[in-house]
Every structure is written in C-alpha cells, then in structure tokens.
Amino acid sequence: MQTDPAISRLLILRSAAIAVQFVAVIAVYFLFEYQIPLLPLLAVICIEAIFQLLSIFAYRNVTKAKPAALLMQLTADLLFLTILLSLSGGATNAFVSLLLLPIMIAAVTVNAKGLAYTAVLAIAAYSFLLIKMPEHTMHQMQMTHHFIGMWINFVISAIVIAFVIGTLNSTLRAREATISRTREQQLRHEQLLTLDGAAAQVTHQLATPIANLQLLFEELKEQQADDPIVQEMAKPLAQCKEQLAHFRSLSNALRTGETQQVISAKTLQNTIQDAMTLHFPEQSLQWLNDAPDCSILSDAMLLPAILNLLQNAVSANNHNQQHNIEAKWQIDEQILSLSLRDFGQGFSEQQMASLGGQLMPSSDGMGMAVMLSNVTLERLNGSLTLSNHPQQGAIAMVSLKIV
C-alpha cells in the first residue's frame, strides 16, 4: 500500500531537517565554539526525532491523508523550529527566515483555510521570538528598529508567498481537473463510438433474419391461425420490427443533426407512461404529482435514456419481488428534475463511485445503460444523479434546464 505523496514528502523533508539541525548544532558548538545551550537544543531535536518516528509509523499505510493531519504536521514543524530558534538567539538568529518553509509547503498541500492558518501561525511564531528578544546593541547603536524591520519584511514575505504560491497551486489544480474531465469524456466518447458502430452492424445483420422470420410467421399463421403459440409470436415479432424502425429513425436524426426540440413536461410524462405500459406492463409507474407547466429541451435519445433508467429500476424490483416505481417532478429555479425510485436493494459503494462514467458489469446485459443515459443528459445540458433511498431502493434523478 502506497503512502500519501503529500504526507510522504513532508516526512522526508522533516527527516532531512532533523539531520541538518543535529549537524548544525554540533558544528556551531564544537567547531565554531559558540556558546549555545547544547543540551536543551539536543533534547528538542531528540523529541522531534521521536515525533518523526511516530508519524512515520502512523502514516505508513495511509493512502490519502486528511487535511487536518497535514496541518497537524505543519504545526509541529513550526513549534519545533520556534523552540530551536528561541534557544539560539530568537529573532536575531540568521536562520529565522526558515519559518517561511512551512508556509511554502502548506501552499501546495492544503486548502486556502489551511494555508491562512499556517501563515498566521508562522507570523505569530516570529512575533513571539521578537517579543522575547533581549535588548541588543551593536557599536553603541540600538538594533531594535532593525529587528522590527526584519519582522515587517517577514510578514510581507509570508503574505506574498501564501498568496502567489496558493493562487498558482489553485490554478494548477483547476487545470488538472479540467484535463482529467476532458480525458474522461474523450475515453467515454471513444467507447460510445465503438458501441455505436457495433450496434449499427448488429442491427444491419438482424434486419434480414427478422424479415425472414416475419415471412415464415405469416405463412405459419395462414396454416395454423388458431394455434395459441402462433398467436403469441405476433407480439414479439412486432416489437422487433418496431425497435428496428425506431433505431433507423434515431440514426437518421443523429446523422442529419435534426435532433433537438422543445417539449412540455406534460408531453414527456405522457410519453414515458405510454412507453412504460408498452415495455413493462407488469410494473406500475406511480406519479406522485402532476407535471409542471414548463418546457425542456429534448432530442431523439431523451426517451431511450429515461427508459434505460426505468429498465434498471424494473430489474432491481424484479430481484426484490417488487412491482412499483415512483416518479416525482421537482422545480429548483430553472432546473426541472424527475426522480425515479425503485424498491430494490439499492447501489453498493463501488457502484456509486463508478456509475454513469464507465461500463459496469451486469448479469442482465452489457452494463452500459446508465452511461448512455448520462451522456444523453449531458448533451442536453442536464445531469443524472444516483443515490440510495434512506428506507429502501435507489433513486435516479434526471435534471434538465427549463426553456
């Protein structure tokens, strides 16, 4: 299991910092013979090393660290660094500008609030060092104003670094998210083109066998018109012919570009009810309220997209011995939403994370119905939201803009 890259980089930097601190303290005391509190400094470095070992042990198997964990680590770094500086000169220490490092790290690892917290904490640490600084004179010249000027410079530097690096990081994150969405859409469109070509080929190959079956059925009907099995064959054959004709009309509409039109919500409700009665007569579609008086943008694929969702709802009901589907209209500002609730087992966490964006395994088919519905709704500037009902079943929410 791989550790979170952000927390991993932070722990590596702290390990290097501890080694540098130890070497610097030993060198300053023994080589340069500066009078510094050696034992207190080494004690602080030892405590920091113990904290580092505990952090490595705690985050060794964490794949995604929480923002609060990163802020806790940065707070610890500022605390240890402030104590070390206070024991070795405070604001007069030449390395006091190292308090800017946690701000830089926070700018690329945490959100804006966390960055502001780290910057304020670093400024407060420097202010503490300045307040606790003893009176210093150099060549009979008062140095207090000089150190106050250094503090002002530190505050300005901290604000500039936090703003500039934070803004650049936010821009990069937004760009990466856009690139990721574009890549996902491109992959999904490639899948759809492949499916479209396969569907067109299969439809073309099925047209001739179905036509032959229709001729054989007509001959068989003339010879055995009263046979109940022959009579039952009429409806499936008629549905096959209807679906082939419908697919040809959809292909023609998509090819010519004459697909979008404005329809009323009432018309869409009646069309959905008729299609539900035709395709799933064993299921009951209950409308909890009437369609609102508004219109939406539609195309030839909107009804098949909604039927895909209804088919999934029917399948979920059949697996749970249920026969009822609830439909409800909602209006939020300029968005018309249609919620379809089944009474099945609902979605698993894995399905909720992947539904609508890729092909899903399915024991009843190819597992592409939700993805096709999602693509159709996105083309109409709409959206599809899937969720589990708190009591039973799942909800598919279709949202479209009102025109």
# chains A, B, ... in the order shown; residues from 1 in each chain; ligands from 1
call {"tool": "select_by_dssp", "arguments": {"residues": "stretch 108-311 of chain A", "states": "strand (DSSP E or B)", "output": "number ranges by chain"}}
result
A: 137-138, 141-142, 261-264, 284-287, 295-298
call {"tool": "closest_atom_pairs", "arguments": {"of": "stretch 264-376 of chain A", "to": "stretch 383-392 of chain A", "cutoff": "10 Å", "atoms": "only C-alpha atoms", "output": "JSON lines"}}
result
{"residue": "A:Ser337", "atom": "CA", "partner": "A:Ser383", "partner_atom": "CA", "distance": 9.3}
{"residue": "A:Leu338", "atom": "CA", "partner": "A:Leu384", "partner_atom": "CA", "distance": 9.8}
{"residue": "A:Ser339", "atom": "CA", "partner": "A:Thr385", "partner_atom": "CA", "distance": 9.1}
{"residue": "A:Leu340", "atom": "CA", "partner": "A:Leu386", "partner_atom": "CA", "distance": 9.8}
{"residue": "A:Arg341", "atom": "CA", "partner": "A:His389", "partner_atom": "CA", "distance": 7.8}
{"residue": "A:Asp342", "atom": "CA", "partner": "A:Gln392", "partner_atom": "CA", "distance": 8.1}
{"residue": "A:Phe343", "atom": "CA", "partner": "A:Gln392", "partner_atom": "CA", "distance": 5.7}
{"residue": "A:Gly344", "atom": "CA", "partner": "A:Gln392", "partner_atom": "CA", "distance": 6.8}
{"residue": "A:Gln345", "atom": "CA", "partner": "A:Gln392", "partner_atom": "CA", "distance": 6.9}
{"residue": "A:Gly346", "atom": "CA", "partner": "A:Asn388", "partner_atom": "CA", "distance": 5.6}
{"residue": "A:Phe347", "atom": "CA", "partner": "A:Asn388", "partner_atom": "CA", "distance": 6.4}
{"residue": "A:Ser348", "atom": "CA", "partner": "A:Asn388", "partner_atom": "CA", "distance": 8.9}
{"residue": "A:Gln351", "atom": "CA", "partner": "A:Leu386", "partner_atom": "CA", "distance": 9.8}
{"residue": "A:Met352", "atom": "CA", "partner": "A:Leu386", "partner_atom": "CA", "distance": 7.3}
{"residue": "A:Leu355", "atom": "CA", "partner": "A:Leu386", "partner_atom": "CA", "distance": 8.0}
{"residue": "A:Gly356", "atom": "CA", "partner": "A:Leu384", "partner_atom": "CA", "distance": 7.9}
{"residue": "A:Val370", "atom": "CA", "partner": "A:Leu384", "partner_atom": "CA", "distance": 8.9}
{"residue": "A:Met371", "atom": "CA", "partner": "A:Leu384", "partner_atom": "CA", "distance": 9.8}
{"residue": "A:Ser373", "atom": "CA", "partner": "A:Leu384", "partner_atom": "CA", "distance": 7.9}
{"residue": "A:Asn374", "atom": "CA", "partner": "A:Leu384", "partner_atom": "CA", "distance": 5.8}
{"residue": "A:Val375", "atom": "CA", "partner": "A:Ser383", "partner_atom": "CA", "distance": 8.7}
{"residue": "A:Thr376", "atom": "CA", "partner": "A:Ser383", "partner_atom": "CA", "distance": 8.9}
call {"tool": "write_last_selection", "arguments": {"atoms": "N, CA and C atoms", "output": "tab-separated table (two decimals), in the first residue's frame"}}
result
chain	number	residue	atom	x	y	z
A	337	SER	N	-36.51	18.62	-12.52
A	337	SER	CA	-35.95	17.32	-12.14
A	337	SER	C	-37.05	16.27	-12.07
A	338	LEU	N	-36.72	15.09	-12.54
A	338	LEU	CA	-37.62	13.94	-12.48
A	338	LEU	C	-36.90	12.84	-11.70
A	339	SER	N	-37.45	12.46	-10.55
A	339	SER	CA	-36.86	11.40	-9.74
A	339	SER	C	-37.62	10.10	-9.95
A	340	LEU	N	-36.88	9.03	-10.17
A	340	LEU	CA	-37.44	7.70	-10.38
A	340	LEU	C	-36.91	6.80	-9.26
A	341	ARG	N	-37.82	6.29	-8.43
A	341	ARG	CA	-37.42	5.46	-7.30
A	341	ARG	C	-37.90	4.04	-7.47
A	342	ASP	N	-37.00	3.10	-7.32
A	342	ASP	CA	-37.38	1.69	-7.30
A	342	ASP	C	-37.36	1.19	-5.87
A	343	PHE	N	-37.73	-0.07	-5.70
A	343	PHE	CA	-37.79	-0.68	-4.37
A	343	PHE	C	-36.92	-1.93	-4.32
A	344	GLY	N	-35.73	-1.82	-4.95
A	344	GLY	CA	-34.78	-2.93	-4.95
A	344	GLY	C	-33.82	-2.84	-3.79
A	345	GLN	N	-32.61	-3.36	-4.01
A	345	GLN	CA	-31.60	-3.40	-2.96
A	345	GLN	C	-30.74	-2.15	-2.91
A	346	GLY	N	-30.86	-1.25	-3.89
A	346	GLY	CA	-30.04	-0.04	-3.90
A	346	GLY	C	-28.66	-0.30	-4.48
A	347	PHE	N	-27.83	0.75	-4.49
A	347	PHE	CA	-26.49	0.68	-5.06
A	347	PHE	C	-25.47	0.39	-3.96
A	348	SER	N	-24.44	-0.35	-4.33
A	348	SER	CA	-23.32	-0.55	-3.42
A	348	SER	C	-22.38	0.66	-3.52
A	351	GLN	N	-20.51	0.70	-6.83
A	351	GLN	CA	-21.34	1.14	-7.94
A	351	GLN	C	-21.55	2.65	-7.90
A	352	MET	N	-21.77	3.21	-6.72
A	352	MET	CA	-21.98	4.65	-6.61
A	352	MET	C	-20.77	5.43	-7.09
A	355	LEU	N	-20.84	4.50	-11.37
A	355	LEU	CA	-22.00	4.55	-12.24
A	355	LEU	C	-22.04	5.84	-13.03
A	356	GLY	N	-22.34	5.72	-14.32
A	356	GLY	CA	-22.50	6.90	-15.16
A	356	GLY	C	-21.24	7.29	-15.90
A	370	VAL	N	-26.75	3.04	-17.91
A	370	VAL	CA	-26.61	4.28	-17.14
A	370	VAL	C	-25.61	5.21	-17.80
A	371	MET	N	-24.52	4.67	-18.35
A	371	MET	CA	-23.54	5.52	-19.02
A	371	MET	C	-24.16	6.21	-20.23
A	373	SER	N	-27.32	6.89	-20.72
A	373	SER	CA	-28.27	7.89	-20.22
A	373	SER	C	-27.55	9.14	-19.75
A	374	ASN	N	-26.44	8.96	-19.05
A	374	ASN	CA	-25.68	10.10	-18.55
A	374	ASN	C	-25.15	10.94	-19.70
A	375	VAL	N	-24.62	10.31	-20.74
A	375	VAL	CA	-24.09	11.04	-21.89
A	375	VAL	C	-25.20	11.82	-22.59
A	376	THR	N	-26.37	11.20	-22.73
A	376	THR	CA	-27.50	11.89	-23.39
A	376	THR	C	-27.92	13.12	-22.60
call {"tool": "closest_residue", "arguments": {"among": "A:Ser127, A:Thr178, A:Gln73, A:Gln185", "to": "A:Leu13", "atoms": "only C-alpha atoms"}}
result
A:Gln73
call {"tool": "residues_around", "arguments": {"residues": "stretch 290-297 of chain A", "least_positions_apart": "5", "cutoff": "8 Å", "atoms": "only C-alpha atoms", "output": "ChimeraX atom specification"}}
result
/A:260-266,269,329,336,380,400-403
call {"tool": "residues_around", "arguments": {"residues": "A:Leu98", "least_positions_apart": "4", "cutoff": "12 Å", "atoms": "only C-alpha atoms", "output": "ChimeraX atom specification"}}
result
/A:17,21,77-78,80-82,84-85,91,93-94,102-105,122-123,125-126,154,157-158
call {"tool": "residues_around", "arguments": {"residues": "stretch 106-115 of chain A", "least_positions_apart": "4", "cutoff": "8 Å", "atoms": "only C-alpha atoms", "output": "JSON list (two decimals) with C-alpha atoms, in the first residue's frame"}}
result
[["chain", "number", "residue", "atom", "x", "y", "z"],
["A", 6, "ALA", "CA", 1.92, 14.80, 0.28],
["A", 67, "PRO", "CA", -6.10, 17.96, 5.54],
["A", 70, "LEU", "CA", -1.21, 17.75, 7.23],
["A", 71, "LEU", "CA", -1.99, 20.84, 9.28],
["A", 74, "LEU", "CA", 2.99, 21.62, 9.79],
["A", 102, "PRO", "CA", 6.03, 25.58, 6.35],
["A", 119, "ALA", "CA", 0.78, 31.72, 7.58],
["A", 162, "ALA", "CA", 0.98, 32.47, 0.62],
["A", 165, "ILE", "CA", 2.01, 30.16, -4.48],
["A", 166, "GLY", "CA", -1.52, 29.47, -3.22],
["A", 169, "ASN", "CA", -1.47, 25.96, -6.95]]
call {"tool": "atom_distance", "arguments": {"atom1": "atom CA of A:Ala275", "atom2": "atom CA of A:Leu303"}}
result
8.7 Å
call {"tool": "select_by_dssp", "arguments": {"residues": "stretch 134-324 of chain A", "states": "alpha helix (DSSP H)", "output": "JSON, numbers by chain"}}
result
{"A": [144, 145, 146, 147, 148, 149, 150, 151, 152, 153, 154, 155, 156, 157, 158, 159, 160, 161, 162, 163, 164, 165, 166, 167, 168, 169, 170, 171, 172, 173, 174, 175, 176, 177, 178, 179, 180, 181, 182, 183, 184, 185, 186, 187, 188, 189, 190, 191, 192, 193, 194, 195, 196, 197, 198, 199, 200, 201, 202, 203, 204, 205, 206, 207, 208, 209, 210, 211, 212, 213, 214, 215, 216, 217, 218, 219, 220, 221, 222, 223, 228, 229, 230, 231, 232, 233, 234, 235, 236, 237, 238, 239, 240, 241, 242, 243, 244, 245, 246, 247, 248, 249, 250, 251, 252, 253, 254, 255, 256, 265, 266, 267, 268, 269, 270, 271, 272, 273, 274, 275, 276, 277, 278, 279, 302, 303, 304, 305, 306, 307, 308, 309, 310, 311, 312, 313, 314, 315, 316, 317, 318, 319]}
call {"tool": "atom_distance", "arguments": {"atom1": "atom CA of A:Leu237", "atom2": "atom CA of A:Gln214"}}
result
6.9 Å
call {"tool": "closest_residue", "arguments": {"among": "A:Glu326, A:Glu232, A:Asp226, A:Glu184", "to": "A:Ala394", "atoms": "only C-alpha atoms"}}
result
A:Glu326
call {"tool": "closest_atom_pairs", "arguments": {"of": "stretch 212-319 of chain A", "to": "stretch 204-208 of chain A", "cutoff": "9 Å", "atoms": "only C-alpha atoms", "output": "Markdown table"}}
result
| residue | atom | partner | partner_atom | distance |
| --- | --- | --- | --- | --- |
| A:Asn212 | CA | A:Thr208 | CA | 6.2 |
| A:Leu213 | CA | A:Thr208 | CA | 8.6 |
| A:Lys241 | CA | A:Ala207 | CA | 8.4 |
| A:Leu244 | CA | A:Ala207 | CA | 7.4 |
call {"tool": "write_last_selection", "arguments": {"atoms": "C-alpha atoms", "output": "PDB file, in the first residue's frame"}}
result
ATOM      1  CA  ASN A 212     -37.399 -13.818 -42.900  1.00  0.00           C
ATOM      2  CA  LEU A 213     -38.994 -14.708 -39.568  1.00  0.00           C
ATOM      3  CA  LYS A 241     -39.793  -4.633 -36.176  1.00  0.00           C
ATOM      4  CA  LEU A 244     -35.513  -1.737 -35.726  1.00  0.00           C
TER       5      LEU A 244
END
call {"tool": "closest_residue", "arguments": {"among": "A:Val164, A:Ala238, A:Ala177, A:Val314", "to": "A:Glu282", "atoms": "only C-alpha atoms"}}
result
A:Val314
call {"tool": "decode", "arguments": {"residues": "stretch 261-372 of chain A", "atoms": "C-alpha atoms", "output": "PDB file, in the first residue's frame"}}
result
ATOM      1  CA  GLN A 261     -36.709  20.144 -29.981  1.00  0.00           C
ATOM      2  CA  VAL A 262     -38.660  21.820 -27.187  1.00  0.00           C
ATOM      3  CA  ILE A 263     -41.350  19.729 -25.498  1.00  0.00           C
ATOM      4  CA  SER A 264     -43.524  20.281 -22.452  1.00  0.00           C
ATOM      5  CA  ALA A 265     -43.089  18.342 -19.244  1.00  0.00           C
ATOM      6  CA  LYS A 266     -46.656  17.048 -19.595  1.00  0.00           C
ATOM      7  CA  THR A 267     -45.845  15.621 -23.036  1.00  0.00           C
ATOM      8  CA  LEU A 268     -42.737  13.943 -21.674  1.00  0.00           C
ATOM      9  CA  GLN A 269     -44.732  12.441 -18.803  1.00  0.00           C
ATOM     10  CA  ASN A 270     -47.356  11.009 -21.158  1.00  0.00           C
ATOM     11  CA  THR A 271     -44.651   9.606 -23.440  1.00  0.00           C
ATOM     12  CA  ILE A 272     -42.864   7.976 -20.508  1.00  0.00           C
ATOM     13  CA  GLN A 273     -46.133   6.486 -19.219  1.00  0.00           C
ATOM     14  CA  ASP A 274     -47.008   5.059 -22.649  1.00  0.00           C
ATOM     15  CA  ALA A 275     -43.549   3.567 -23.097  1.00  0.00           C
ATOM     16  CA  MET A 276     -43.631   2.111 -19.572  1.00  0.00           C
ATOM     17  CA  THR A 277     -47.008   0.491 -20.207  1.00  0.00           C
ATOM     18  CA  LEU A 278     -45.799  -0.935 -23.521  1.00  0.00           C
ATOM     19  CA  HIS A 279     -42.426  -2.294 -22.442  1.00  0.00           C
ATOM     20  CA  PHE A 280     -43.034  -3.169 -18.778  1.00  0.00           C
ATOM     21  CA  PRO A 281     -46.735  -3.946 -18.331  1.00  0.00           C
ATOM     22  CA  GLU A 282     -46.071  -5.998 -15.199  1.00  0.00           C
ATOM     23  CA  GLN A 283     -44.710  -2.908 -13.385  1.00  0.00           C
ATOM     24  CA  SER A 284     -46.705   0.035 -12.022  1.00  0.00           C
ATOM     25  CA  LEU A 285     -45.359   3.582 -12.537  1.00  0.00           C
ATOM     26  CA  GLN A 286     -46.956   5.882  -9.950  1.00  0.00           C
ATOM     27  CA  TRP A 287     -46.742   9.661 -10.461  1.00  0.00           C
ATOM     28  CA  LEU A 288     -46.668  11.357  -7.076  1.00  0.00           C
ATOM     29  CA  ASN A 289     -47.523  14.739  -8.618  1.00  0.00           C
ATOM     30  CA  ASP A 290     -48.569  16.209 -11.943  1.00  0.00           C
ATOM     31  CA  ALA A 291     -46.096  17.513 -14.482  1.00  0.00           C
ATOM     32  CA  PRO A 292     -45.403  21.258 -14.024  1.00  0.00           C
ATOM     33  CA  ASP A 293     -46.315  23.776 -16.693  1.00  0.00           C
ATOM     34  CA  CYS A 294     -42.924  24.248 -18.319  1.00  0.00           C
ATOM     35  CA  SER A 295     -40.883  23.114 -21.318  1.00  0.00           C
ATOM     36  CA  ILE A 296     -37.482  21.473 -21.694  1.00  0.00           C
ATOM     37  CA  LEU A 297     -35.019  20.730 -24.471  1.00  0.00           C
ATOM     38  CA  SER A 298     -35.319  17.201 -25.838  1.00  0.00           C
ATOM     39  CA  ASP A 299     -33.916  15.076 -28.610  1.00  0.00           C
ATOM     40  CA  ALA A 300     -34.449  11.623 -30.064  1.00  0.00           C
ATOM     41  CA  MET A 301     -32.332   9.987 -27.349  1.00  0.00           C
ATOM     42  CA  LEU A 302     -34.026  11.514 -24.282  1.00  0.00           C
ATOM     43  CA  LEU A 303     -36.833   8.961 -24.049  1.00  0.00           C
ATOM     44  CA  PRO A 304     -34.478   5.969 -24.558  1.00  0.00           C
ATOM     45  CA  ALA A 305     -32.215   7.429 -21.861  1.00  0.00           C
ATOM     46  CA  ILE A 306     -35.107   7.593 -19.377  1.00  0.00           C
ATOM     47  CA  LEU A 307     -36.272   4.131 -20.439  1.00  0.00           C
ATOM     48  CA  ASN A 308     -32.783   2.815 -19.659  1.00  0.00           C
ATOM     49  CA  LEU A 309     -33.177   4.111 -16.113  1.00  0.00           C
ATOM     50  CA  LEU A 310     -36.657   2.632 -15.870  1.00  0.00           C
ATOM     51  CA  GLN A 311     -35.354  -0.695 -17.127  1.00  0.00           C
ATOM     52  CA  ASN A 312     -32.732  -0.700 -14.374  1.00  0.00           C
ATOM     53  CA  ALA A 313     -35.449   0.145 -11.853  1.00  0.00           C
ATOM     54  CA  VAL A 314     -37.604  -2.711 -13.165  1.00  0.00           C
ATOM     55  CA  SER A 315     -34.652  -5.101 -12.926  1.00  0.00           C
ATOM     56  CA  ALA A 316     -33.995  -4.009  -9.329  1.00  0.00           C
ATOM     57  CA  ASN A 317     -37.681  -4.524  -8.478  1.00  0.00           C
ATOM     58  CA  ASN A 318     -37.730  -7.973 -10.048  1.00  0.00           C
ATOM     59  CA  HIS A 319     -34.740  -9.054  -7.975  1.00  0.00           C
ATOM     60  CA  ASN A 320     -36.584  -7.931  -4.847  1.00  0.00           C
ATOM     61  CA  GLN A 321     -40.094  -9.152  -5.857  1.00  0.00           C
ATOM     62  CA  GLN A 322     -41.448  -5.583  -6.122  1.00  0.00           C
ATOM     63  CA  HIS A 323     -43.757  -4.147  -8.766  1.00  0.00           C
ATOM     64  CA  ASN A 324     -43.922  -0.435  -8.046  1.00  0.00           C
ATOM     65  CA  ILE A 325     -41.868   2.541  -9.302  1.00  0.00           C
ATOM     66  CA  GLU A 326     -42.433   6.070  -8.010  1.00  0.00           C
ATOM     67  CA  ALA A 327     -41.919   9.160 -10.185  1.00  0.00           C
ATOM     68  CA  LYS A 328     -41.909  12.727  -8.895  1.00  0.00           C
ATOM     69  CA  TRP A 329     -41.374  16.143 -10.513  1.00  0.00           C
ATOM     70  CA  GLN A 330     -39.415  18.946  -8.846  1.00  0.00           C
ATOM     71  CA  ILE A 331     -38.523  22.501  -9.888  1.00  0.00           C
ATOM     72  CA  ASP A 332     -35.495  24.315  -8.466  1.00  0.00           C
ATOM     73  CA  GLU A 333     -35.034  27.760 -10.032  1.00  0.00           C
ATOM     74  CA  GLN A 334     -34.629  26.979 -13.762  1.00  0.00           C
ATOM     75  CA  ILE A 335     -33.995  23.244 -13.373  1.00  0.00           C
ATOM     76  CA  LEU A 336     -36.710  20.612 -13.859  1.00  0.00           C
ATOM     77  CA  SER A 337     -35.951  17.316 -12.139  1.00  0.00           C
ATOM     78  CA  LEU A 338     -37.617  13.940 -12.479  1.00  0.00           C
ATOM     79  CA  SER A 339     -36.857  11.398  -9.738  1.00  0.00           C
ATOM     80  CA  LEU A 340     -37.437   7.699 -10.375  1.00  0.00           C
ATOM     81  CA  ARG A 341     -37.415   5.464  -7.303  1.00  0.00           C
ATOM     82  CA  ASP A 342     -37.380   1.692  -7.303  1.00  0.00           C
ATOM     83  CA  PHE A 343     -37.786  -0.679  -4.365  1.00  0.00           C
ATOM     84  CA  GLY A 344     -34.785  -2.929  -4.951  1.00  0.00           C
ATOM     85  CA  GLN A 345     -31.597  -3.403  -2.961  1.00  0.00           C
ATOM     86  CA  GLY A 346     -30.043  -0.043  -3.903  1.00  0.00           C
ATOM     87  CA  PHE A 347     -26.493   0.681  -5.060  1.00  0.00           C
ATOM     88  CA  SER A 348     -23.318  -0.547  -3.424  1.00  0.00           C
ATOM     89  CA  GLU A 349     -20.490   1.876  -2.603  1.00  0.00           C
ATOM     90  CA  GLN A 350     -18.439   0.607  -5.540  1.00  0.00           C
ATOM     91  CA  GLN A 351     -21.336   1.144  -7.940  1.00  0.00           C
ATOM     92  CA  MET A 352     -21.982   4.651  -6.606  1.00  0.00           C
ATOM     93  CA  ALA A 353     -18.352   5.581  -7.323  1.00  0.00           C
ATOM     94  CA  SER A 354     -18.424   4.368 -10.939  1.00  0.00           C
ATOM     95  CA  LEU A 355     -21.996   4.549 -12.245  1.00  0.00           C
ATOM     96  CA  GLY A 356     -22.500   6.896 -15.163  1.00  0.00           C
ATOM     97  CA  GLY A 357     -18.837   7.257 -16.069  1.00  0.00           C
ATOM     98  CA  GLN A 358     -17.896   3.833 -17.401  1.00  0.00           C
ATOM     99  CA  LEU A 359     -19.257   0.451 -18.394  1.00  0.00           C
ATOM    100  CA  MET A 360     -20.365  -1.576 -15.394  1.00  0.00           C
ATOM    101  CA  PRO A 361     -20.554  -5.364 -15.103  1.00  0.00           C
ATOM    102  CA  SER A 362     -24.110  -6.617 -15.406  1.00  0.00           C
ATOM    103  CA  SER A 363     -25.614 -10.083 -15.249  1.00  0.00           C
ATOM    104  CA  ASP A 364     -28.627  -8.945 -17.313  1.00  0.00           C
ATOM    105  CA  GLY A 365     -26.861  -7.181 -20.173  1.00  0.00           C
ATOM    106  CA  MET A 366     -23.802  -5.180 -21.196  1.00  0.00           C
ATOM    107  CA  GLY A 367     -23.948  -2.771 -18.240  1.00  0.00           C
ATOM    108  CA  MET A 368     -23.926   0.382 -20.346  1.00  0.00           C
ATOM    109  CA  ALA A 369     -27.471   1.746 -19.852  1.00  0.00           C
ATOM    110  CA  VAL A 370     -26.607   4.276 -17.141  1.00  0.00           C
ATOM    111  CA  MET A 371     -23.542   5.515 -19.018  1.00  0.00           C
ATOM    112  CA  LEU A 372     -25.573   6.085 -22.194  1.00  0.00           C
TER     113      LEU A 372
END
